[in-house]
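Below is one structure; the comments refer to it alone.
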Amino acid sequence: MTKQMMREGVSSSVLENVYKAEERLRNVVVKTPLAVNNNLSAIYESNIYFKREDLQRVRSYKIRGAYNKMATMSEEELSKGVVCASAGNHAQGVAFACQTMKVKGTIFMPLPTPGQKLEQVKMFGGEYIDVILFGDTFDAAKDAAMRFLEDHNSVFIHPFDDPAIIEGQATTALEILEQSEGMVDYLFVPIGGGGLAAGVCTVFQYLSPQTKIIGVEPSAAASMKKALEKGKPVLLEKISRFVDGAAVQQVGDLTFERCKNILYDMATVDEGLVCETILSLYNKDAIVVEPAGALSVAALDRYREEIKGKNVVCIISGSNNDITRMEEIKEKALLYAGLKHYFLVRFPQRPGALKTFVIDVLGPDDDITYFEYTQKNSKEKGIAVVGIALKQNKDFTPLIDKMKQYDFFVNYLNNDPSLMNLLI
């Protein structure tokens with residue numbers, strides 16, 4: 001679709017603001033590729049395209065909204081400095097804008113922020129930014145940022161719930177339509193606070209209303225899904241921080257209003273499936289994504305029949321993944337696939353007990369990956385924590401049966417989240 005065709009017949013002032021944002025960002029952002037993925041296209045018998053925002057200058061789409069917001073501020077406002085709260089990607093966008101525009105910024109980030117994202121923020125912002133680590137979640141960091149604003153006369157750069165932020169993110173959608181050779185039947189978009197989804201909905205509402213837009217959230221931080229169910233944004237009491245780029249306890253009021261009547265569906269994705277997707281994209285396509293960047297692809301299988309024969313776009317939102325997280329990602333993927341299991345195992349305190357376990361209990365393809373055992377002289381039998389990797393999940397039942405037959409079995413740990421948190 002050409003730009004002239006996109007503009008014709010459109011009078012929305014909101015959409016015109018998106019075009020203005022596109023002009024502001026022309027020499028700032030990369031026009032990222034819209035590339036067909038042959039592997040997934042064959043699997044789903046569809047035309048699957050990736051909008052590669054992981055190749056953006058700060059390795060996520062967040063630069064679009066952050067820079068656009070600051071570019072619309074007055075000199076007086078900029079002179080006061082800016083403040084933001086972020087789990088990582090928005091912080092990098094703000095840091096980049098601060099360095100480029102020579103504006104002082106203070107950035108609040110949660111304490112568990114991956115080290116890679118923290119270093120990138122400092123690199124992009126240089127001498128123009130200060131980073132303050134606070135709290136366990138984005139929302140806690142945001143609260144600290146708002147308290148900081150009470151004592152300083154600075155301007156808050158919201159990560160998602162701001163018209164200029166949404167309009168900046170919406171330029172992603174303009175590019176998708178410009179780059180698409182045909183009709184976009186389905187568009188999968190990751191959702192955290194909802195800024196990208198709100199921008200996409202704004203553009204597609206006017207320029208491609210036939211497109212079915214599917215929002216995708218981590219199941220352990222499904223704030224937009226809950227908001228749609230309740231008819232308003234709702235504060236989730238507890239969320240998982242694993243998909244850090246989408247770990248938001250409450251979506252924005254503005255982003256909710258922009259999305260609520262336009263989203264075709266909301267999908268939630270288990271963390272284990274996110275991890276499987278990260279590893280698959282790396283192994284099959286040499287694409288490195290962060291957990292939030294894998295959300296849109298992870299949701300495809302749920303819509304396998306519906307998308308068959310259709311043109312489908314997945315927004316790959318970011319690639320800021322810390323290499324130190326890969327072991328955890330591999331572990332979660334194996335657990336989700338039913339290929340990794342932890343047990344409490346009872347070992348008789350006699351020579352040859354472990355040999356019996358290995359030869360008579362384990363299957364030919366089973367592998368011990370974790371073993372912790374403490375011998376106690378006052379006990380006839382000692383308890384060990386044993387992790388076992390399987391080649392196929394169908395080998396699980398025979399393994400359990402053999403452990404019980406030889407009186408090794410004490411307990412299965414995978415279903416106990418508190419214990420598993422100690423092991424992973």
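Scheme for the structure tokens: letters A, B, ... for chains in order shown; per-chain residue numbers from 1; ligand numbers from 1 in order shown.
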
From stretch 293-389 of chain A, collect each residue whose DSSP state is strand (DSSP E) and return the set as JSON, numbers by chain.
{"A": [311, 312, 313, 314, 315, 316, 340, 341, 342, 343, 344, 345, 346, 347, 348, 367, 368, 369, 370, 371, 372, 373, 381, 382, 383, 384, 385, 386, 387, 388, 389]}

A:Lys69 environment, 10 Å, only C-alpha atoms, sequence neighbours closer than 6 positions dropped, as a count of residues only:
13

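Among A:Leu281, A:Leu423, A:Val36, A:Leu334, the residue with the shortest atom-to-atom distance to A:Phe50, counting only C-alpha atoms, is A:Val36.
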
Mind checking which residues fall within 10 Å of A:Ser79, counting only C-alpha atoms, ignoring those fewer than 4 positions away in the same chain, and posting them as a PyMOL selection string?
chain A and resi 73-75+102-104+153-155

Keeping only N, CA and C atoms, take the residues you just selected and write them out as a CSV table (one decimal), in the first residue's frame.
chain,number,residue,atom,x,y,z
A,73,MET,N,7.9,18.1,22.9
A,73,MET,CA,8.0,19.0,24.1
A,73,MET,C,8.7,20.3,23.8
A,74,SER,N,8.3,21.3,24.6
A,74,SER,CA,8.9,22.6,24.4
A,74,SER,C,10.3,22.7,24.9
A,75,GLU,N,11.0,23.7,24.5
A,75,GLU,CA,12.4,23.9,25.1
A,75,GLU,C,12.4,24.1,26.6
A,102,LYS,N,20.4,16.1,23.9
A,102,LYS,CA,21.2,16.8,24.9
A,102,LYS,C,20.3,17.2,26.1
A,103,VAL,N,19.5,16.3,26.6
A,103,VAL,CA,18.5,16.5,27.6
A,103,VAL,C,18.9,15.7,28.8
A,104,LYS,N,18.8,16.2,30.0
A,104,LYS,CA,19.1,15.4,31.2
A,104,LYS,C,17.9,14.5,31.6
A,153,ASN,N,11.3,19.4,39.5
A,153,ASN,CA,10.4,20.0,38.5
A,153,ASN,C,10.7,19.4,37.1
A,154,SER,N,10.6,18.1,37.0
A,154,SER,CA,10.9,17.4,35.7
A,154,SER,C,9.6,17.0,35.0
A,155,VAL,N,9.8,16.4,33.8
A,155,VAL,CA,8.6,16.0,33.0
A,155,VAL,C,8.7,14.4,32.9

Find the residues near A:Arg64: any atom within 8 Å, counting only C-alpha atoms, skip ones fewer than 6 places away on the same chain, and give them as a list in words.
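These residues fall inside the cut-off: Leu25, Val29, Gly93, Ile165, Gly168, Gln169 and Thr171 of chain A.
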
If you keep all heavy atoms, can you produce a file of those selected residues as a PDB file, in the first residue's frame?
ATOM      1  N   LEU A  25      10.389  11.137  13.109  1.00  0.00           N
ATOM      2  CA  LEU A  25      11.255   9.977  13.325  1.00  0.00           C
ATOM      3  C   LEU A  25      12.027   9.555  12.084  1.00  0.00           C
ATOM      4  O   LEU A  25      12.801   8.601  12.121  1.00  0.00           O
ATOM      5  CB  LEU A  25      10.402   8.783  13.798  1.00  0.00           C
ATOM      6  CG  LEU A  25       9.693   8.952  15.145  1.00  0.00           C
ATOM      7  CD1 LEU A  25       8.760   7.777  15.404  1.00  0.00           C
ATOM      8  CD2 LEU A  25      10.687   9.090  16.281  1.00  0.00           C
ATOM      9  N   VAL A  29      14.737   6.641  13.500  1.00  0.00           N
ATOM     10  CA  VAL A  29      14.506   5.200  13.601  1.00  0.00           C
ATOM     11  C   VAL A  29      14.888   4.492  12.304  1.00  0.00           C
ATOM     12  O   VAL A  29      15.006   5.109  11.251  1.00  0.00           O
ATOM     13  CB  VAL A  29      13.029   4.875  13.944  1.00  0.00           C
ATOM     14  CG1 VAL A  29      12.609   5.564  15.225  1.00  0.00           C
ATOM     15  CG2 VAL A  29      12.106   5.259  12.793  1.00  0.00           C
ATOM     16  N   GLY A  93      15.049   3.714  24.926  1.00  0.00           N
ATOM     17  CA  GLY A  93      14.539   4.728  24.013  1.00  0.00           C
ATOM     18  C   GLY A  93      14.687   6.128  24.578  1.00  0.00           C
ATOM     19  O   GLY A  93      15.111   7.060  23.882  1.00  0.00           O
ATOM     20  N   ILE A 165       3.355   9.076  22.876  1.00  0.00           N
ATOM     21  CA  ILE A 165       4.013   7.755  22.918  1.00  0.00           C
ATOM     22  C   ILE A 165       3.297   6.799  21.975  1.00  0.00           C
ATOM     23  O   ILE A 165       3.908   6.106  21.157  1.00  0.00           O
ATOM     24  CB  ILE A 165       4.009   7.191  24.347  1.00  0.00           C
ATOM     25  CG1 ILE A 165       4.888   8.044  25.291  1.00  0.00           C
ATOM     26  CG2 ILE A 165       4.459   5.723  24.355  1.00  0.00           C
ATOM     27  CD1 ILE A 165       6.368   7.925  25.051  1.00  0.00           C
ATOM     28  N   GLY A 168       3.910   7.591  18.356  1.00  0.00           N
ATOM     29  CA  GLY A 168       5.234   7.145  17.922  1.00  0.00           C
ATOM     30  C   GLY A 168       5.259   5.656  17.643  1.00  0.00           C
ATOM     31  O   GLY A 168       5.763   5.207  16.603  1.00  0.00           O
ATOM     32  N   GLN A 169       4.684   4.864  18.564  1.00  0.00           N
ATOM     33  CA  GLN A 169       4.637   3.409  18.348  1.00  0.00           C
ATOM     34  C   GLN A 169       3.798   3.065  17.115  1.00  0.00           C
ATOM     35  O   GLN A 169       4.059   2.064  16.424  1.00  0.00           O
ATOM     36  CB  GLN A 169       4.061   2.677  19.570  1.00  0.00           C
ATOM     37  CG  GLN A 169       4.469   3.160  20.942  1.00  0.00           C
ATOM     38  CD  GLN A 169       5.947   3.140  21.250  1.00  0.00           C
ATOM     39  OE1 GLN A 169       6.763   3.278  20.356  1.00  0.00           O
ATOM     40  NE2 GLN A 169       6.290   3.020  22.525  1.00  0.00           N
ATOM     41  N   THR A 171       3.769   4.334  14.309  1.00  0.00           N
ATOM     42  CA  THR A 171       4.504   4.387  13.037  1.00  0.00           C
ATOM     43  C   THR A 171       4.953   2.996  12.601  1.00  0.00           C
ATOM     44  O   THR A 171       5.199   2.763  11.417  1.00  0.00           O
ATOM     45  CB  THR A 171       5.719   5.327  13.126  1.00  0.00           C
ATOM     46  OG1 THR A 171       6.629   4.854  14.145  1.00  0.00           O
ATOM     47  CG2 THR A 171       5.282   6.747  13.471  1.00  0.00           C
TER      48      THR A 171
END

Taking the DSSP assignment computed from this structure's backbone, write out as a short mmCIF file (atom, residue, chain, number, x, y, z; two decimals) with C-alpha atoms, in the first residue's frame all residues of stretch 159-366 of chain A that belong to alpha helix (DSSP H).
data_model
loop_
_atom_site.label_atom_id
_atom_site.label_comp_id
_atom_site.auth_asym_id
_atom_site.auth_seq_id
_atom_site.Cartn_x
_atom_site.Cartn_y
_atom_site.Cartn_z
CA PRO A 163 -0.88 10.18 23.12
CA ALA A 164 2.57 11.10 21.78
CA ILE A 165 4.01 7.76 22.92
CA ILE A 166 1.18 5.86 21.23
CA GLU A 167 1.53 7.91 18.04
CA GLY A 168 5.23 7.14 17.92
CA GLN A 169 4.64 3.41 18.35
CA ALA A 170 1.91 3.63 15.70
CA THR A 171 4.50 4.39 13.04
CA THR A 172 5.33 0.66 13.21
CA ALA A 173 1.86 0.00 11.78
CA LEU A 174 2.32 2.56 8.98
CA GLU A 175 5.46 0.73 7.94
CA ILE A 176 3.73 -2.65 8.00
CA LEU A 177 1.00 -1.42 5.65
CA GLU A 178 3.47 0.31 3.37
CA GLN A 179 5.65 -2.82 3.17
CA GLY A 195 1.24 1.40 23.90
CA LEU A 196 2.23 -0.56 20.79
CA ALA A 197 -1.17 -2.26 20.57
CA ALA A 198 -2.96 1.08 20.93
CA GLY A 199 -0.84 2.56 18.15
CA VAL A 200 -1.42 -0.42 15.87
CA CYS A 201 -5.17 -0.34 16.55
CA THR A 202 -5.27 3.40 15.80
CA VAL A 203 -3.72 2.95 12.36
CA PHE A 204 -5.43 -0.26 11.30
CA GLN A 205 -8.82 1.01 12.43
CA TYR A 206 -8.71 3.57 9.61
CA LEU A 207 -6.41 2.03 7.01
CA SER A 223 -3.38 -7.16 32.48
CA MET A 224 -5.11 -6.31 29.15
CA LYS A 225 -7.09 -9.53 29.17
CA LYS A 226 -8.31 -8.80 32.68
CA ALA A 227 -9.14 -5.20 31.72
CA LEU A 228 -11.24 -6.39 28.77
CA GLU A 229 -13.06 -8.85 31.02
CA LYS A 230 -13.83 -6.16 33.63
CA ASP A 253 -6.49 4.07 30.65
CA LEU A 254 -5.76 5.54 27.23
CA THR A 255 -4.28 2.37 25.77
CA PHE A 256 -7.27 0.38 26.99
CA GLU A 257 -9.72 2.81 25.38
CA ARG A 258 -7.84 2.63 22.06
CA CYS A 259 -7.74 -1.18 22.11
CA GLU A 271 6.26 -18.76 30.05
CA GLY A 272 7.46 -22.21 29.03
CA LEU A 273 6.01 -21.77 25.54
CA VAL A 274 7.70 -18.37 25.32
CA CYS A 275 10.99 -20.08 26.13
CA GLU A 276 10.39 -22.81 23.54
CA THR A 277 9.76 -20.07 20.98
CA ILE A 278 12.94 -18.18 21.89
CA LEU A 279 15.02 -21.32 21.41
CA SER A 280 13.23 -22.28 18.18
CA LEU A 281 13.75 -18.83 16.64
CA TYR A 282 17.42 -18.97 17.54
CA ASN A 283 18.04 -22.53 16.37
CA LYS A 284 15.99 -22.42 13.16
CA ASP A 285 16.24 -18.79 12.05
CA LEU A 295 5.06 -13.48 22.40
CA SER A 296 3.50 -12.88 18.99
CA VAL A 297 5.09 -16.00 17.49
CA ALA A 298 4.29 -18.13 20.53
CA ARG A 304 -3.44 -22.72 13.48
CA GLU A 305 -6.71 -23.53 11.70
CA GLU A 306 -7.95 -19.96 11.57
CA ILE A 307 -4.83 -18.51 9.92
CA MET A 326 19.65 -18.71 28.60
CA GLU A 327 20.03 -21.56 31.10
CA GLU A 328 16.77 -20.52 32.78
CA ILE A 329 15.11 -20.23 29.37
CA LYS A 330 16.26 -23.72 28.36
CA GLU A 331 15.08 -25.14 31.69
CA LYS A 332 11.62 -23.56 31.42
CA ALA A 333 11.28 -24.78 27.84
CA LEU A 334 12.12 -28.37 28.85
CA LEU A 335 9.71 -28.26 31.78
CA TYR A 336 6.92 -26.94 29.57
CA ALA A 353 22.05 -48.26 45.20
CA LEU A 354 22.82 -45.55 42.66
CA LYS A 355 23.93 -48.19 40.14
CA THR A 356 20.58 -49.96 40.53
#

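Candidate residues A:Asp151, A:Asp54, A:Asp366, A:Asp143 were compared for distance to A:Ile316, and the nearest is A:Asp54, using only C-alpha atoms.
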